Amino acid sequence: MLRRLLLTAAVSATAALSSVPAATAAGTPSGAPGVSLVPVVSPSGPSTAFTGGPSSPLSAAAYRAVLPALMPPPARPDDSADRLTVTVHGAGDGADGTFELECHPAGGTHPHAAEACARLDRMTTWGKDTFAPVPPDSMCTMVYGGPATAHVTGTWAGRPVDARYDRSNGCEISRWNALEPVLPGARP
């Protein structure tokens, strides 16, 4: 999954870099004749290189100045695994507790690890936060879904996660339900 996300990011960066008019190399605007972004295939895999003029490459500093703005920071090796800690209170029916969820491969102490990992994989979309809170300007029904609360922490898709869930209104209930079976089914 992480490999797929990185490949998508590389393709997106290549497309974005080819349309960046303000990048410079040795004081030459990238819009100047002869300056382009060239795909390169090497033994380590495909990559992209800048060229300035017919055969002079852009400086590595110019390349590094443009690339970080377009690519997410790389995950540290110890954070690259998809591991979450799910703490649930007030859900009842024995669903309360703290569970470890590991994905790719599925494991941990979560009672439905394989299903939870599959659900998270389906929800994960490049450029969207899988665990995003309800936007503050949302119009939500005033329906109380019960006292259940949850806190999800860890790393997902190479990104840190620290999300809180409750069932205090219609929007929060929908957000909770969308994450089932990572979060347990809760009844009001």
# chains A, B, ... in the order shown; residues from 1 in each chain; ligands from 1

call {"tool": "residues_around", "arguments": {"residues": "Asp129 (chain A)", "least_positions_apart": "5", "cutoff": "10 Å", "atoms": "only C-alpha atoms", "output": "list in words"}}
result
Met123, Thr124, Trp156, Arg159 and Val161 of chain A

call {"tool": "residues_around", "arguments": {"residues": "Ala114 (chain A)", "least_positions_apart": "4", "cutoff": "10 Å", "atoms": "only C-alpha atoms", "output": "VMD selection string"}}
result
chain A and resid 101 to 108 110 118 to 119 181 to 182

call {"tool": "atom_distance", "arguments": {"atom1": "CA of Pro147 (chain A)", "atom2": "CA of Thr125 (chain A)"}}
result
29.9 Å

call {"tool": "closest_residue", "arguments": {"among": "A:Leu120, A:Ile173, A:Leu179, A:Val152", "to": "Val86 (chain A)", "atoms": "only C-alpha atoms"}}
result
A:Val152

call {"tool": "closest_residue", "arguments": {"among": "A:Ala150, A:Gly145, A:Pro111, A:Trp126", "to": "Asp162 (chain A)", "atoms": "only C-alpha atoms"}}
result
A:Ala150

call {"tool": "select_by_dssp", "arguments": {"residues": "region 102-166 of chain A", "states": "strand (DSSP E)", "output": "PyMOL selection string"}}
result
chain A and resi 102-103+107-108+149-156+159-166

call {"tool": "write_last_selection", "arguments": {"atoms": "C-alpha atoms", "output": "mmCIF file, in the first residue's frame"}}
result
data_model
loop_
_atom_site.group_PDB
_atom_site.id
_atom_site.type_symbol
_atom_site.label_atom_id
_atom_site.label_comp_id
_atom_site.auth_asym_id
_atom_site.auth_seq_id
_atom_site.Cartn_x
_atom_site.Cartn_y
_atom_site.Cartn_z
ATOM 1 C CA GLU A 102 -1.509 -3.964 12.633
ATOM 2 C CA CYS A 103 -2.097 -4.129 8.890
ATOM 3 C CA GLY A 107 -2.669 -8.751 13.169
ATOM 4 C CA GLY A 108 -2.570 -7.397 16.685
ATOM 5 C CA THR A 149 -15.971 7.441 22.692
ATOM 6 C CA ALA A 150 -12.832 6.274 20.913
ATOM 7 C CA HIS A 151 -9.283 7.468 20.458
ATOM 8 C CA VAL A 152 -7.204 6.183 17.528
ATOM 9 C CA THR A 153 -3.446 6.793 17.503
ATOM 10 C CA GLY A 154 -0.501 5.414 15.559
ATOM 11 C CA THR A 155 0.594 5.450 11.941
ATOM 12 C CA TRP A 156 -1.472 4.856 8.821
ATOM 13 C CA ARG A 159 1.292 9.401 8.400
ATOM 14 C CA PRO A 160 0.763 9.936 12.124
ATOM 15 C CA VAL A 161 -2.788 9.446 13.398
ATOM 16 C CA ASP A 162 -4.339 11.035 16.500
ATOM 17 C CA ALA A 163 -8.126 11.067 16.088
ATOM 18 C CA ARG A 164 -11.002 11.186 18.573
ATOM 19 C CA TYR A 165 -14.482 9.846 17.941
ATOM 20 C CA ASP A 166 -17.814 10.102 19.756
#

call {"tool": "closest_residue", "arguments": {"among": "A:Val88, A:Leu183, A:Ala148, A:Ala178", "to": "Ala132 (chain A)", "atoms": "only C-alpha atoms"}}
result
A:Ala178

call {"tool": "atom_distance", "arguments": {"atom1": "CA of Ala81 (chain A)", "atom2": "CA of Arg167 (chain A)"}}
result
29.1 Å

call {"tool": "atom_distance", "arguments": {"atom1": "CA of Thr98 (chain A)", "atom2": "CA of Arg83 (chain A)"}}
result
13.2 Å
